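Here's the structure, in structure tokens; my notes come after.
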Amino acid sequence: MFGTGLIVLARGLPPPRPELGSLLAALDRPALPAQRQAGEEANPGLLARCGARAVPGLRALGLPTPALRADLAVAERAAETYLAAKAACAAVGLLVPWVAGGLFYLGTSTWPGWWMPTSACLLLAAASFFLPDGEVRQLARRRREELRHTLAVVLDLTVIALAGGAGAQQALNDASQAPRGWAAGQLRRAISTAVVTRSSPWHHLGLLGERTGVGDLTELAATLSLAGTEGAKIRSSLEAKAKAMRRRRLTEAEGAAQAATERMALPIILQFCGFLVFIGTPALSHVLAGL
């Protein structure tokens, strides 16, 4: 019975394999970033609800900063939710050392003193206060990278459609329908706005680049405003821009791989030093004992 229970537990731990039909249906399902954001704002997290009272005070201190406002816009996070999470994290950092000290006193009947929990709560609160900043910056950086990558894919598909005889507007609209994800949704929204307003799509892509902080979009809009909107010039401009973006992405990927390789050297060196200490400690103790 024990062995049967272990087998059942091992079979139940891995997640079930999804069906092929559901995966294919998910690929054809359109992305709804606006509705997802509304749902997230309607159901804020526990930390955001606990720290909502401290939002006016943090706003009086000038938070969030302009750089964080740009990251919050890209991450589609509300400033109130972000400030409430910062306040709640700081409050948790203030309480955890005192709770740990109380548990230590209950277990050992020894109070660690006042200076240790006080210093620990101040340090932990200061560190916890900046935890939401790192999360927002990381999410915004990932989304900007996704937007650059998706833009390069859309430009490649647009060049192929232009070579087939399609117009610039139609080629760009068709190319933006292929990718999926948050970045593809942003590009499609900008192109749809251009179609509805009957204006240049490059202008709206440039506005998207200014709003998200992606320089490739603003550079593309500036280049195509000088090259024109139809004919062979726009095709050559898009092809050159796509090649430049692919080359830049490859360079960044190589740099990231080299940086990761260099970071791996430090754990190996520390492991080697620990191995030397493990081997040399008995010999050194015998030498010192013989003296």
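In the structure tokens, chains take letters A, B, ... by order of appearance, with residues numbered from 1 within each chain and ligands from 1 in the order shown.
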
Which residues of region 189-265 of chain A have any atom within 10 Å of an atom in region 137-147 of chain A when counting only C-alpha atoms, and what is the closest pair of atoms for each, with the distance in Å to one decimal? Order the rows by chain and rising number and write it as CSV.
residue,atom,partner,partner_atom,distance
A:Gly209,CA,A:Leu147,CA,9.5
A:Thr212,CA,A:Arg144,CA,7.3
A:Gly213,CA,A:Arg144,CA,7.8
A:Val214,CA,A:Arg144,CA,6.4
A:Gly215,CA,A:Arg144,CA,9.8
A:Asp216,CA,A:Leu147,CA,9.4
A:Leu217,CA,A:Leu147,CA,9.2
A:Arg249,CA,A:Glu145,CA,9.3

Expected file contents, prior selection, N, CA and C atoms, as a PDB file, in the first residue's frame:
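Writing the result to result.pdb gives the following:
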ATOM      1  N   GLY A 209       6.360  54.091 -29.652  1.00  0.00           N
ATOM      2  CA  GLY A 209       7.747  54.055 -29.185  1.00  0.00           C
ATOM      3  C   GLY A 209       8.028  55.093 -28.125  1.00  0.00           C
ATOM      4  N   THR A 212       6.316  53.818 -24.820  1.00  0.00           N
ATOM      5  CA  THR A 212       6.935  52.641 -24.197  1.00  0.00           C
ATOM      6  C   THR A 212       8.438  52.787 -23.994  1.00  0.00           C
ATOM      7  N   GLY A 213       9.047  53.814 -24.562  1.00  0.00           N
ATOM      8  CA  GLY A 213      10.491  53.980 -24.410  1.00  0.00           C
ATOM      9  C   GLY A 213      11.310  53.071 -25.304  1.00  0.00           C
ATOM     10  N   VAL A 214      10.761  52.610 -26.421  1.00  0.00           N
ATOM     11  CA  VAL A 214      11.464  51.755 -27.379  1.00  0.00           C
ATOM     12  C   VAL A 214      11.978  52.652 -28.497  1.00  0.00           C
ATOM     13  N   GLY A 215      13.292  52.829 -28.554  1.00  0.00           N
ATOM     14  CA  GLY A 215      13.861  53.739 -29.543  1.00  0.00           C
ATOM     15  C   GLY A 215      13.754  53.237 -30.966  1.00  0.00           C
ATOM     16  N   ASP A 216      13.644  51.923 -31.175  1.00  0.00           N
ATOM     17  CA  ASP A 216      13.546  51.392 -32.532  1.00  0.00           C
ATOM     18  C   ASP A 216      12.285  51.876 -33.235  1.00  0.00           C
ATOM     19  N   LEU A 217      11.193  52.002 -32.499  1.00  0.00           N
ATOM     20  CA  LEU A 217       9.954  52.474 -33.111  1.00  0.00           C
ATOM     21  C   LEU A 217      10.045  53.939 -33.506  1.00  0.00           C
ATOM     22  N   ARG A 249      20.061  42.639 -32.188  1.00  0.00           N
ATOM     23  CA  ARG A 249      19.596  41.592 -31.287  1.00  0.00           C
ATOM     24  C   ARG A 249      20.634  40.486 -31.146  1.00  0.00           C
TER      25      ARG A 249
END

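The environment of region 167-179 of chain A within 9 Å, counting only C-alpha atoms and disregarding residues fewer than 2 places along the same chain, consists of Thr150, Leu151, Val153, Val154, Leu155, Asp156, Leu157, Thr158, Val159, Ile160, Ala161, Leu162, Gly165, Gly181, Ala183, Ala184, Gly185, Leu187, Arg188, Ile191, Ser192, Val195, Ser200, Pro201, Thr229, Glu230, Gly231, Ile234 and Arg235 of chain A.
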
note - CA of Ala87 (chain A) and CA of Cys121 (chain A) are separated by 14.2 Å

For Ser237 (chain A), work out the shell of residues within 8 Å, counting only C-alpha atoms and skipping chain neighbours fewer than 4 positions away, then give it as a PDB file with all heavy atoms, in the first residue's frame.
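Heads up, here's the output in selection.pdb:
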ATOM      1  N   THR A 223      12.678  57.598 -39.842  1.00  0.00           N
ATOM      2  CA  THR A 223      13.291  57.195 -41.116  1.00  0.00           C
ATOM      3  C   THR A 223      12.268  57.154 -42.237  1.00  0.00           C
ATOM      4  O   THR A 223      12.507  57.648 -43.346  1.00  0.00           O
ATOM      5  CB  THR A 223      13.956  55.823 -40.963  1.00  0.00           C
ATOM      6  OG1 THR A 223      14.950  55.904 -39.934  1.00  0.00           O
ATOM      7  CG2 THR A 223      14.621  55.393 -42.257  1.00  0.00           C
ATOM      8  N   LEU A 224      11.095  56.572 -41.966  1.00  0.00           N
ATOM      9  CA  LEU A 224      10.090  56.425 -43.008  1.00  0.00           C
ATOM     10  C   LEU A 224       9.381  57.739 -43.314  1.00  0.00           C
ATOM     11  O   LEU A 224       8.826  57.900 -44.396  1.00  0.00           O
ATOM     12  CB  LEU A 224       9.071  55.366 -42.615  1.00  0.00           C
ATOM     13  CG  LEU A 224       9.646  53.949 -42.552  1.00  0.00           C
ATOM     14  CD1 LEU A 224       8.589  52.975 -42.089  1.00  0.00           C
ATOM     15  CD2 LEU A 224      10.169  53.523 -43.912  1.00  0.00           C
ATOM     16  N   ALA A 227      11.691  58.873 -45.964  1.00  0.00           N
ATOM     17  CA  ALA A 227      11.772  58.028 -47.156  1.00  0.00           C
ATOM     18  C   ALA A 227      10.480  58.004 -47.952  1.00  0.00           C
ATOM     19  O   ALA A 227      10.478  57.591 -49.110  1.00  0.00           O
ATOM     20  CB  ALA A 227      12.146  56.602 -46.753  1.00  0.00           C
ATOM     21  N   LYS A 233      11.358  52.860 -52.175  1.00  0.00           N
ATOM     22  CA  LYS A 233      12.112  53.474 -51.077  1.00  0.00           C
ATOM     23  C   LYS A 233      11.681  52.917 -49.732  1.00  0.00           C
ATOM     24  O   LYS A 233      12.512  52.635 -48.871  1.00  0.00           O
ATOM     25  CB  LYS A 233      11.914  54.988 -51.119  1.00  0.00           C
ATOM     26  CG  LYS A 233      12.614  55.686 -52.278  1.00  0.00           C
ATOM     27  CD  LYS A 233      12.458  57.189 -52.177  1.00  0.00           C
ATOM     28  CE  LYS A 233      13.204  57.886 -53.310  1.00  0.00           C
ATOM     29  NZ  LYS A 233      13.068  59.361 -53.227  1.00  0.00           N
ATOM     30  N   LYS A 241      16.174  48.526 -42.035  1.00  0.00           N
ATOM     31  CA  LYS A 241      15.873  48.622 -40.610  1.00  0.00           C
ATOM     32  C   LYS A 241      15.746  47.238 -39.980  1.00  0.00           C
ATOM     33  O   LYS A 241      16.214  47.002 -38.860  1.00  0.00           O
ATOM     34  CB  LYS A 241      14.571  49.402 -40.423  1.00  0.00           C
ATOM     35  CG  LYS A 241      14.197  49.642 -38.965  1.00  0.00           C
ATOM     36  CD  LYS A 241      15.241  50.466 -38.252  1.00  0.00           C
ATOM     37  CE  LYS A 241      14.828  50.742 -36.822  1.00  0.00           C
ATOM     38  NZ  LYS A 241      15.862  51.485 -36.090  1.00  0.00           N
TER      39      LYS A 241
END

Checklist entry - Could you state the separation of CA of Leu72 (chain A) and CA of Gly57 (chain A) in Å, given to one decimal place? => result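 About the pair CA of Leu72 (chain A) and CA of Gly57 (chain A): they are 19.1 Å apart.
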
query = How would you write, as a PyMOL selection string, the set of residues in region 11-197 of chain A that DSSP gives as helix (DSSP H, G or I)?
reply = chain A and resi 11-12+20-28+33-42+46-50+52-60+66-75+79-108+115-129+131-163+168-176+182-197

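Near region 63-68 of chain A, within 8 Å and counting only C-alpha atoms, sit Ala79, Leu83, Asp133, Val136 and Arg137 of chain A; same-chain residues fewer than 6 positions away were not included.
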
CA of Gln186 (chain A) to CA of Met245 (chain A) measures 18.5 Å

query: Pick the closest to Cys89 (chain A) from A:Ala10, A:Arg148, A:Ile268, A:Ala127: which is it, counting only C-alpha atoms?
result: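 Nearest candidate to Cys89 (chain A) out of A:Ala10, A:Arg148, A:Ile268, A:Ala127: A:Ala127.
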